[in-house]
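Asker: What follows is input-v5.cif, made up of mmCIF, C-alpha atoms:
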data_entry
loop_
_atom_site.label_atom_id
_atom_site.label_comp_id
_atom_site.auth_asym_id
_atom_site.auth_seq_id
_atom_site.Cartn_x
_atom_site.Cartn_y
_atom_site.Cartn_z
CA MET A 686 233.45 150.20 166.75
CA LEU A 687 231.54 148.85 169.68
CA LEU A 688 233.30 145.53 170.02
CA ALA A 689 236.82 146.88 169.57
CA GLU A 690 236.13 149.11 172.54
CA ALA A 691 234.72 146.20 174.50
CA VAL A 692 237.67 143.93 173.73
CA ALA A 693 240.50 146.41 174.22
CA PRO A 694 240.39 146.44 178.05
CA ALA A 695 240.26 142.66 178.09
CA SER A 696 243.34 142.35 175.92
CA GLU A 697 245.17 144.90 178.06
CA LEU A 698 244.28 142.85 181.10
CA LEU A 699 245.65 139.76 179.36
CA ALA A 700 248.91 141.48 178.50
CA GLU A 701 249.39 142.87 182.01
CA SER A 702 248.46 139.86 184.09
CA GLU A 703 251.37 137.53 184.64
CA PHE A 704 250.30 133.91 184.55
CA PRO A 705 252.19 131.99 187.24
CA GLY A 706 254.84 129.84 185.66
CA LEU A 707 254.29 131.07 182.12
CA SER A 708 257.99 130.85 181.28
CA ALA A 709 258.20 127.32 182.69
CA ALA A 710 255.20 126.36 180.55
CA PHE A 711 257.01 127.87 177.57
CA ALA A 712 260.06 125.72 178.29
CA VAL A 713 257.79 122.66 178.45
CA GLU A 714 256.40 123.58 175.02
CA ILE A 715 259.91 123.86 173.56
CA PHE A 716 260.89 120.45 174.91
CA ILE A 717 257.70 118.82 173.64
CA LEU A 718 258.29 120.34 170.19
CA ALA A 719 261.88 119.05 170.21
CA MET A 720 260.67 115.56 171.09
CA LEU A 721 258.04 115.77 168.34
CA ALA A 722 260.75 116.59 165.80
CA ALA A 723 263.00 113.78 167.07
CA THR A 724 260.12 111.29 166.88
CA ALA A 725 259.27 112.39 163.34
CA PHE A 726 262.87 111.91 162.16
CA ALA A 727 263.07 108.52 163.84
CA MET A 728 259.85 107.52 162.06
CA ILE A 729 261.38 108.52 158.72
CA ARG A 730 264.60 106.61 159.36
CA MET A 731 263.00 103.44 160.70
CA ARG A 732 262.32 100.62 158.24
CA GLN A 733 260.53 98.25 160.59
CA LEU A 734 256.87 99.21 160.18
CA PHE A 735 255.79 98.06 163.61
CA GLY A 736 258.31 100.39 165.22
CA VAL A 737 256.92 103.21 163.10
CA ALA A 738 253.41 102.43 164.39
CA MET A 739 254.66 102.55 167.99
CA LEU A 740 256.46 105.83 167.37
CA SER A 741 253.31 107.28 165.82
CA GLY A 742 251.56 106.44 169.10
CA ILE A 743 254.25 108.39 170.96
CA TYR A 744 253.91 111.23 168.44
CA SER A 745 250.19 111.39 169.12
CA LEU A 746 250.72 111.42 172.91
CA LEU A 747 253.23 114.24 172.53
CA SER A 748 251.03 116.31 170.25
CA ALA A 749 248.09 116.00 172.66
CA ALA A 750 250.35 117.19 175.49
CA PHE A 751 251.39 120.07 173.23
CA PHE A 752 247.76 121.04 172.56
CA VAL A 753 247.15 121.15 176.31
CA ALA A 754 250.22 123.33 176.76
CA LEU A 755 248.77 125.68 174.12
CA ASP A 756 245.41 125.86 175.99
CA ALA A 757 243.55 124.03 173.18
CA VAL A 758 241.97 121.53 175.56
CA ASP A 759 239.14 120.47 173.22
CA VAL A 760 241.59 119.61 170.43
CA ALA A 761 243.68 117.65 172.93
CA PHE A 762 240.55 115.76 173.93
CA THR A 763 239.83 114.70 170.36
CA GLU A 764 243.48 113.86 169.77
CA ALA A 765 243.44 111.71 172.89
CA ALA A 766 240.29 109.88 171.84
CA VAL A 767 241.29 109.29 168.23
CA GLY A 768 245.06 109.60 167.94
CA ALA A 769 246.38 107.68 170.90
CA GLY A 770 243.82 104.90 171.02
CA VAL A 771 242.35 104.20 167.65
CA SER A 772 244.77 105.39 164.99
CA THR A 773 247.69 103.30 166.31
CA VAL A 774 245.46 100.28 166.18
CA LEU A 775 244.22 101.11 162.66
CA VAL A 776 247.84 101.41 161.51
CA LEU A 777 248.57 98.02 163.10
CA SER A 778 245.63 96.43 161.26
CA GLY A 779 247.07 97.91 158.07
CA ILE A 780 250.45 96.34 158.82
CA ALA A 781 248.73 92.98 159.30
CA LEU A 782 247.66 93.17 155.65
CA THR A 783 251.06 94.14 154.25
CA ALA A 784 254.77 93.50 154.78
CA LYS A 785 256.59 93.95 158.07
CA ARG A 786 259.42 96.05 156.64
CA GLU A 787 259.46 99.06 154.39
CA LEU A 788 261.38 98.71 151.12
CA PRO A 789 264.12 101.28 150.51
CA VAL A 790 263.22 103.92 147.90
CA ASP A 791 265.44 104.75 144.92
CA ARG A 792 267.46 107.90 145.43
CA GLU A 793 266.26 109.47 142.18
CA ARG A 794 262.64 109.15 143.16
CA THR A 795 263.06 111.11 146.41
CA PHE A 796 263.68 114.50 144.78
CA LEU A 797 260.12 115.33 143.70
CA PRO A 798 258.56 114.66 147.14
CA LEU A 799 261.37 116.63 148.78
CA ALA A 800 260.73 119.60 146.46
CA ILE A 801 256.97 119.50 147.15
CA VAL A 802 257.54 119.36 150.91
CA LEU A 803 260.01 122.25 150.79
CA VAL A 804 257.67 124.45 148.71
CA VAL A 805 254.64 123.72 150.93
CA GLY A 806 256.72 124.29 154.08
CA ALA A 807 258.02 127.60 152.76
CA ALA A 808 254.46 128.68 151.87
CA LEU A 809 253.25 127.81 155.38
CA VAL A 810 256.11 129.70 157.03
CA TYR A 811 255.37 132.66 154.73
CA ALA A 812 251.71 132.53 155.79
CA THR A 813 252.62 132.80 159.48
CA ILE A 814 254.13 136.26 158.87
CA ASP A 815 250.61 137.64 158.34
CA MET A 816 249.32 136.15 161.60
CA PRO A 817 248.06 138.78 164.07
CA ALA A 818 249.82 139.13 167.42
CA PHE A 819 248.51 137.12 170.38
CA GLY A 820 245.46 138.92 171.88
CA ASP A 821 245.36 141.59 169.13
CA PRO A 822 241.91 143.30 169.33
CA ASN A 823 241.93 143.86 165.55
CA ALA A 824 242.66 140.20 164.75
CA PRO A 825 240.07 138.61 162.42
CA ALA A 826 238.99 136.24 165.18
CA ASN A 827 237.99 139.20 167.35
CA VAL A 828 236.44 141.47 164.71
CA TYR A 829 233.99 139.68 162.40
CA VAL A 830 231.62 136.98 163.68
CA GLY A 831 232.82 137.18 167.26
CA ALA A 832 231.30 140.64 167.58
CA GLN A 833 228.08 139.43 165.98
CA TYR A 834 227.83 136.55 168.45
CA ILE A 835 228.25 138.84 171.42
CA GLU A 836 225.76 141.40 170.12
CA ARG A 837 223.05 139.06 168.89
CA THR A 838 223.04 136.15 171.33
CA PRO A 839 220.43 137.75 173.68
CA GLU A 840 217.92 138.23 170.82
CA ASP A 841 218.80 135.20 168.64
CA ILE A 842 219.21 132.38 171.13
CA GLU A 843 217.97 133.92 174.38
CA VAL A 844 220.45 132.16 176.65
CA PRO A 845 222.65 134.12 179.05
CA ASN A 846 225.85 132.15 178.33
CA ILE A 847 227.47 133.16 175.02
CA VAL A 848 229.80 130.16 174.97
CA THR A 849 226.80 127.83 175.14
CA ALA A 850 225.10 129.76 172.35
CA VAL A 851 228.17 129.49 170.11
CA LEU A 852 228.78 125.79 170.79
CA ALA A 853 225.20 124.57 170.66
CA SER A 854 223.67 126.87 168.07
CA TYR A 855 225.94 129.07 165.96
CA ARG A 856 228.43 126.25 165.50
CA GLY A 857 226.04 123.41 166.14
CA PHE A 858 227.20 121.27 163.20
CA ASP A 859 230.83 121.65 164.25
CA THR A 860 229.95 120.42 167.73
CA LEU A 861 227.90 117.58 166.25
CA GLY A 862 230.92 116.54 164.16
CA GLU A 863 233.20 116.56 167.18
CA THR A 864 230.74 114.52 169.19
CA VAL A 865 230.46 111.98 166.37
CA VAL A 866 234.26 111.65 166.30
CA VAL A 867 234.48 111.05 170.03
CA PHE A 868 231.52 108.62 169.90
CA THR A 869 233.18 106.67 167.07
CA ALA A 870 236.37 106.48 169.11
CA GLY A 871 234.39 105.10 172.05
CA LEU A 872 232.71 102.48 169.84
CA ALA A 873 236.09 101.53 168.39
CA CYS A 874 237.46 100.98 171.90
CA LEU A 875 234.62 98.54 172.62
CA LEU A 876 235.25 96.73 169.33
CA LEU A 877 238.99 96.52 170.02
CA LEU A 878 238.52 95.02 173.43
CA GLY A 879 236.32 92.43 171.76
CA ALA A 880 233.20 90.52 172.71
CA GLY A 881 235.12 88.06 174.89
CA SER A 882 236.38 90.82 177.14
CA ILE A 883 232.94 92.34 177.52
CA ARG A 884 231.48 89.02 178.64
CA GLY A 885 234.22 88.82 181.22
CA GLY A 886 236.43 86.45 179.29
CA GLY A 887 237.12 82.89 180.25
CA ARG A 888 239.84 80.81 181.78
CA HIS A 889 243.08 81.28 179.99
CA ASP A 890 246.33 79.50 180.61
CA ASP A 891 249.55 78.92 178.79
CA GLU A 892 249.72 75.17 178.66
CA GLU A 893 251.10 75.27 175.13
CA HIS A 894 254.54 75.99 176.54
CA MET B 788 258.11 123.00 192.66
CA PHE B 789 255.84 122.03 189.76
CA THR B 790 258.58 123.12 187.38
CA ALA B 791 260.99 120.65 188.97
CA ALA B 792 258.47 117.81 188.65
CA ALA B 793 257.69 118.75 185.02
CA ALA B 794 261.40 118.89 184.20
CA ALA B 795 261.96 115.45 185.74
CA ILE B 796 259.09 113.97 183.75
CA ILE B 797 260.33 115.52 180.51
CA VAL B 798 263.85 114.16 181.08
CA ALA B 799 262.34 110.73 181.68
CA MET B 800 260.25 111.09 178.49
CA ILE B 801 263.38 111.87 176.46
CA ILE B 802 265.17 108.80 177.87
CA MET B 803 262.12 106.64 177.14
CA LEU B 804 262.05 107.96 173.58
CA PHE B 805 265.57 106.58 173.09
CA ARG B 806 264.40 103.13 174.18
CA ALA B 807 261.36 103.33 171.89
CA ILE B 808 263.59 104.18 168.93
CA ALA B 809 266.27 101.63 169.79
CA GLY B 810 263.88 98.71 170.31
CA PRO B 811 265.25 96.07 169.79
CA THR B 812 262.21 93.80 170.21
CA VAL B 813 258.57 94.60 169.56
CA TYR B 814 257.79 94.19 173.27
CA ASP B 815 260.39 96.77 174.27
CA ARG B 816 258.60 99.26 172.05
CA VAL B 817 255.17 98.43 173.47
CA LEU B 818 256.60 98.77 176.98
CA SER B 819 258.14 102.15 176.21
CA VAL B 820 254.95 103.45 174.57
CA ASN B 821 252.95 102.34 177.61
CA SER B 822 255.44 103.96 179.96
CA PHE B 823 255.48 107.08 177.80
CA GLY B 824 251.70 107.23 178.18
CA THR B 825 252.02 107.09 181.97
CA LYS B 826 254.50 109.94 181.85
CA THR B 827 252.18 111.93 179.58
CA VAL B 828 249.38 111.58 182.13
CA LEU B 829 251.73 112.79 184.87
CA LEU B 830 253.00 115.65 182.70
CA LEU B 831 249.45 116.78 181.91
CA ALA B 832 248.53 116.73 185.60
CA VAL B 833 251.64 118.70 186.60
CA LEU B 834 251.17 121.08 183.64
CA GLY B 835 247.65 121.91 184.83
CA PHE B 836 249.05 123.01 188.19
CA LEU B 837 252.02 124.75 186.57
CA MET B 838 249.76 126.89 184.39
CA GLY B 839 247.35 127.53 187.25
CA ARG B 840 244.52 125.61 185.59
CA PRO B 841 243.88 122.33 187.38
CA ALA B 842 240.78 121.91 185.20
CA PHE B 843 243.13 120.32 182.67
CA LEU B 844 243.09 117.21 184.82
CA ASP B 845 240.13 115.97 182.74
CA ILE B 846 242.51 115.31 179.87
CA ALA B 847 244.93 113.46 182.14
CA LEU B 848 242.05 111.32 183.37
CA LEU B 849 240.99 110.50 179.82
CA TYR B 850 244.56 109.63 178.92
CA ALA B 851 244.99 107.27 181.83
CA LEU B 852 242.11 105.24 180.34
CA ILE B 853 242.96 105.52 176.63
CA ASN B 854 246.57 104.52 177.21
CA PHE B 855 245.49 101.31 178.92
CA ILE B 856 243.05 100.40 176.15
CA ALA B 857 245.64 101.11 173.45
CA THR B 858 248.22 98.90 175.16
CA ILE B 859 245.78 96.03 175.57
CA ALA B 860 244.64 96.34 171.95
CA ILE B 861 248.22 96.32 170.64
CA LEU B 862 249.10 93.26 172.69
CA LYS B 863 245.95 91.47 171.61
CA PHE B 864 246.92 92.18 168.04
CA PHE B 865 250.31 90.65 168.69
CA ARG B 866 249.11 87.58 170.41
CA TYR B 867 246.32 86.68 168.00
CA GLY B 868 247.31 88.49 164.80
CA ARG B 869 244.10 90.46 164.63
CA LEU B 870 241.97 92.65 166.84
CA SER B 871 238.52 91.14 166.79
CA ALA B 872 239.46 87.86 168.45
CA SER B 873 236.81 86.54 170.83
CA MET B 874 237.40 83.83 173.41
CA ALA B 875 236.27 81.12 170.97
CA ASP B 876 238.86 82.27 168.42
CA MET B 877 241.55 82.23 171.07
CA ASP B 878 240.73 78.62 171.93
CA LEU B 879 240.87 77.76 168.23
CA ILE B 880 244.30 79.33 167.89
CA ARG B 881 245.59 77.46 170.90
CA GLY B 882 244.11 74.26 169.51
CA ASP B 883 245.98 74.80 166.27
CA ARG B 884 249.26 75.11 168.06
CA ARG B 885 249.01 71.84 169.91
CA MET C 174 249.14 125.93 206.89
CA GLU C 175 250.08 126.70 203.31
CA LEU C 176 253.75 126.61 204.24
CA LEU C 177 253.28 123.24 205.89
CA LEU C 178 251.58 121.87 202.76
CA ASP C 179 254.41 123.22 200.62
CA ILE C 180 257.00 121.62 202.90
CA LEU C 181 255.15 118.30 202.66
CA SER C 182 254.60 118.44 198.94
CA TRP C 183 258.14 119.46 197.88
CA PRO C 184 259.83 116.19 198.90
CA LEU C 185 256.94 114.15 197.49
CA LEU C 186 257.19 115.81 194.08
CA LEU C 187 261.00 115.68 194.08
CA ALA C 188 261.10 112.03 195.11
CA GLY C 189 258.44 111.22 192.52
CA GLY C 190 260.40 113.01 189.80
CA ALA C 191 263.61 111.26 190.83
CA LEU C 192 261.88 107.85 190.72
CA VAL C 193 260.39 108.61 187.30
CA ILE C 194 263.87 109.42 185.98
CA LEU C 195 265.37 106.34 187.67
CA GLY C 196 262.75 104.11 186.10
CA ALA C 197 263.43 105.60 182.67
CA VAL C 198 267.20 105.11 183.08
CA GLY C 199 266.51 101.53 184.06
CA VAL C 200 264.41 100.96 180.96
CA LEU C 201 267.22 102.39 178.86
CA ARG C 202 270.10 100.51 180.48
CA PHE C 203 268.81 97.10 181.57
CA PRO C 204 269.98 94.17 179.45
CA ASP C 205 266.80 92.40 178.36
CA PHE C 206 263.07 92.93 178.01
CA TYR C 207 261.96 91.37 181.31
CA THR C 208 264.39 93.36 183.44
CA ARG C 209 263.21 96.49 181.61
CA THR C 210 259.62 95.67 182.58
CA HIS C 211 260.82 95.63 186.16
CA ALA C 212 262.36 99.10 185.81
CA ALA C 213 259.25 100.52 184.14
CA GLY C 214 257.27 99.39 187.17
CA VAL C 215 259.20 101.87 189.35
CA THR C 216 257.81 104.73 187.26
CA ASP C 217 254.30 103.35 187.08
CA THR C 218 253.91 102.68 190.78
CA PHE C 219 255.99 104.80 193.12
CA GLY C 220 256.95 107.59 190.73
CA ALA C 221 253.39 108.27 189.59
CA ASP C 222 251.90 107.83 193.07
CA LEU C 223 254.32 110.20 194.79
CA ILE C 224 253.82 112.89 192.15
CA LEU C 225 250.02 112.58 192.32
CA LEU C 226 250.16 112.67 196.13
CA GLY C 227 252.34 115.78 196.00
CA LEU C 228 249.83 117.44 193.67
CA LEU C 229 246.96 116.33 195.90
CA LEU C 230 248.39 118.46 198.73
CA GLN C 231 248.20 121.53 196.47
CA VAL C 232 244.62 121.27 195.17
CA PRO C 233 242.65 124.54 195.11
CA ASP C 234 239.18 122.92 195.25
CA THR C 235 237.45 119.62 195.97
CA MET C 236 236.67 118.73 192.35
CA THR C 237 240.35 118.85 191.38
CA GLY C 238 241.13 116.62 194.34
CA ILE C 239 238.49 114.10 193.25
CA LYS C 240 239.92 114.03 189.73
CA LEU C 241 243.43 113.43 191.09
CA VAL C 242 242.19 110.59 193.25
CA LEU C 243 240.42 109.09 190.21
CA ILE C 244 243.62 109.28 188.14
CA PHE C 245 245.45 107.64 191.05
CA LEU C 246 242.87 104.84 191.24
CA PHE C 247 242.86 104.22 187.47
CA MET C 248 246.64 104.02 187.45
CA MET C 249 246.63 101.64 190.40
CA MET C 250 244.25 99.39 188.50
CA THR C 251 245.50 99.66 184.94
CA SER C 252 249.29 99.85 185.07
CA PRO C 253 249.89 96.45 186.73
CA VAL C 254 247.45 94.88 184.27
CA ALA C 255 249.16 96.55 181.31
CA THR C 256 252.64 95.54 182.50
CA HIS C 257 251.46 92.00 183.19
CA SER C 258 249.94 91.67 179.73
CA ILE C 259 253.07 93.03 178.04
CA ALA C 260 255.22 90.47 179.89
CA HIS C 261 252.66 87.75 179.21
CA ALA C 262 252.53 88.57 175.51
CA ALA C 263 256.33 88.52 175.38
CA TYR C 264 256.41 85.14 177.11
CA ALA C 265 253.72 83.74 174.82
CA GLY C 266 255.62 85.18 171.85
CA ARG C 267 258.69 83.12 172.85
CA GLU C 268 260.75 86.12 173.88
CA ALA C 269 263.56 84.52 175.86
CA PRO C 270 264.60 85.98 179.22
CA LEU C 271 268.35 86.21 179.72
CA THR C 272 269.42 84.09 182.66
CA GLY C 273 272.62 82.92 184.32
CA LYS C 274 275.71 83.19 182.19
CA LEU C 275 273.77 84.64 179.27
CA LEU C 276 272.73 87.62 181.39
CA LEU C 277 276.38 88.47 181.99
CA ARG C 278 277.44 87.89 178.39
CA GLN C 279 275.11 90.11 176.51
CA ASN C 280 274.20 89.96 172.83
CA VAL C 281 274.40 86.18 172.71
CA PRO C 282 271.77 84.71 170.40
CA VAL C 283 269.53 82.39 172.43
CA ASP C 284 267.14 79.59 171.65
CA ILE C 285 264.25 78.06 173.56
CA THR C 286 264.09 74.28 173.56
CA ALA C 287 260.87 72.30 173.50
CA ASP C 288 260.76 72.02 177.34
CA GLY C 289 261.05 75.78 177.72
CA GLU C 290 264.75 75.78 178.57
CA ILE C 291 266.89 78.62 177.28
CA LYS C 292 270.20 77.83 175.69
CA GLU C 293 272.83 79.54 173.68
CA ALA C 294 271.82 79.31 170.04
CA ALA C 295 273.69 76.72 168.00
CA GLU C 296 275.75 78.22 165.22
#
Could you take the file, read its structure, and then write that structure out as structure tokens?

Answerer:
Amino acid sequence: MLLAEAVAPASELLAESEFPGLSAAFAVEIFILAMLAATAFAMIRMRQLFGVAMLSGIYSLLSAAFFVALDAVDVAFTEAAVGAGVSTVLVLSGIALTAKRELPVDRERTFLPLAIVLVVGAALVYATIDMPAFGDPNAPANVYVGAQYIERTPEDIEVPNIVTAVLASYRGFDTLGETVVVFTAGLACLLLLGAGSIRGGGRHDDEEH
Amino acid sequence: MFTAAAAAIIVAMIIMLFRAIAGPTVYDRVLSVNSFGTKTVLLLAVLGFLMGRPAFLDIALLYALINFIATIAILKFFRYGRLSASMADMDLIRGDRR
Amino acid sequence: MELLLDILSWPLLLAGGALVILGAVGVLRFPDFYTRTHAAGVTDTFGADLILLGLLLQVPDTMTGIKLVLIFLFMMMTSPVATHSIAHAAYAGREAPLTGKLLLRQNVPVDITADGEIKEAAE
């Protein structure tokens, strides 16, 4: 197949070239994952809902750092715009409408959720066994549409840059969705800061003390 | 060199995580989240150099801004009980207290 | 030239990393909220600045350098404001600073009187 031949040298190049500091980056990933797990357990154990909201902010910061470490910069960008800024604040607004502390759950009622989580987790782990190796030329991502994009971009879109063709045309709706998400996050930031801040605010002192 | 800096930042992040979990007050948690955000920005910047891709600095730049806005929004929420408070509302709240 | 830049940037990054850790230890160990704010400032100002300066000596192109300078400027502007508003919110929220004898005897419940004085809470 034409594309398999075209991709094979590239993947060989990837396997041979040693990225500087790859092992150090790997260690960073391990530590970030460990912190993610610790934060998640702390969120489960904590009863004070405000603390949980703060920890979810930390969780979001960590996961964005993890996406960057995995080279998924665009996902990290969206996570930064939505997760760190807006979702913490949405959770806080939710807390304002409800109680400040979480009620303890009966021990009998925890078994069904635990079973569901275990089954889903096992299914996900089982699914990772079928994942192709990193940079595999026969991986689905490299074989089906990817080949079509490379072959047909000159005739279909008539732009020299394939990445531009994929982002702006083949996956135009996906890009539109991402842009809408980031735009919403930007609007939310303006709303959060409030009209008073935009006008420059006014004199503010603490004479009530 | 970059590895040493990244290691230092990660150690500091772990310590800060303890403070965020321990609390005890709401403000301690906000402080540790804010400080954690600063460390994330630094880690992203160092990570870009560590992986040989300084182009990642865009994310660090974005984070430096988002972290600030999140902190201000959280504190505003605390002070006034909701997020959409304008200056007039703030005056009203202060008037109530007197 | 490259060696010189490396020699300059090593101590900057190491000192920055050390200050970041010191600030974090301070936040973990200091007795009350306001002293912790003080410790967090070490990370936000000197720790961050030294690390960014150390990275600035290693930039491969101008654009990266500009981005680093922008991050530096944003941090210079935002982190004092953020720290100030945290402390201000804590003060407005009647979070009592530990002072005098209370600072030495930790875990004493405190009370703020009407004139803003801090006293040991009555049983």

Asker: Which residue out of C:Leu187, C:Met174, C:Met250, C:Ala265 has the minimum interatomic distance to Thr790 of chain B when all atoms listed in the file are used?

Answerer: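 Using all atoms listed in the file, Thr790 of chain B sits closest to C:Leu187.
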
Asker: Quick one: residues within 12 Å of His261 of chain C, all atoms listed in the file counted, chain neighbours fewer than 2 positions away excluded, as number ranges by chain?

Answerer: A: 889-891; B: 814, 818, 859, 862-863, 865-866; C: 206-207, 210, 253-259, 263-269

Asker: Near chain C, meaning an atom within 9 Å, which residues of chain B appear when counting all atoms listed in the file? Write them as a ChimeraX atom specification.

Answerer: /B:788-789,791-803,805-806,812-815,817-819,821-822,825-826,828-829,832-833,836,841-842,844-845,847-849,851-852,855-856,858-859,862-863,865-866

Asker: For the atom pair atom CA of Val790 of chain A and atom CA of Leu803 of chain A, what is the interatomic distance in Å to one decimal place?

Answerer: 18.8 Å

Asker: Write out as a PyMOL selection string which residues come within 7 Å of segment 740-748 of chain A when counting all atoms listed in the file, dropping same-chain ones fewer than 2 positions away.

Answerer: (chain A and resi 717+721+724+728+736-738+750-752+768-769+773) or (chain B and resi 820+824+827)

Asker: For atom CA of Ala860 of chain B and atom CA of Val774 of chain A, determine how far apart the two atoms are, in Å to one decimal place.

Answerer: 7.0 Å

Asker: Grab the atom CA of Ala832 of chain A to atom CA of Pro845 of chain A distance for me, in Å with one decimal place.

Answerer: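 Result for atom CA of Ala832 of chain A versus atom CA of Pro845 of chain A: 15.8 Å, one decimal.
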
Asker: Using only C-alpha atoms, which residue out of A:Val713, A:Leu872, A:Ala754, A:Ile729 lies closest to Gly835 of chain B?

Answerer: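 Using only C-alpha atoms, Gly835 of chain B sits closest to A:Ala754.
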
Asker: Report, as AutoDock Vina command-line options, the centre and edge lengths in Å (one decimal) of the axis-aligned box enclosing every listed atom of segment 833-849 of chain B, padded by 8 Å on each side.

Answerer:
--center_x 246.1 --center_y 119.0 --center_z 184.0 --size_x 27.9 --size_y 33.0 --size_z 24.4

Asker: Apply the PyMOL selection byres ((chain A and resi 851) around 10) to the structure shown and report the selected residues as a PyMOL selection string.

Answerer: chain A and resi 831+834-835+838+842+846-850+852-857+860
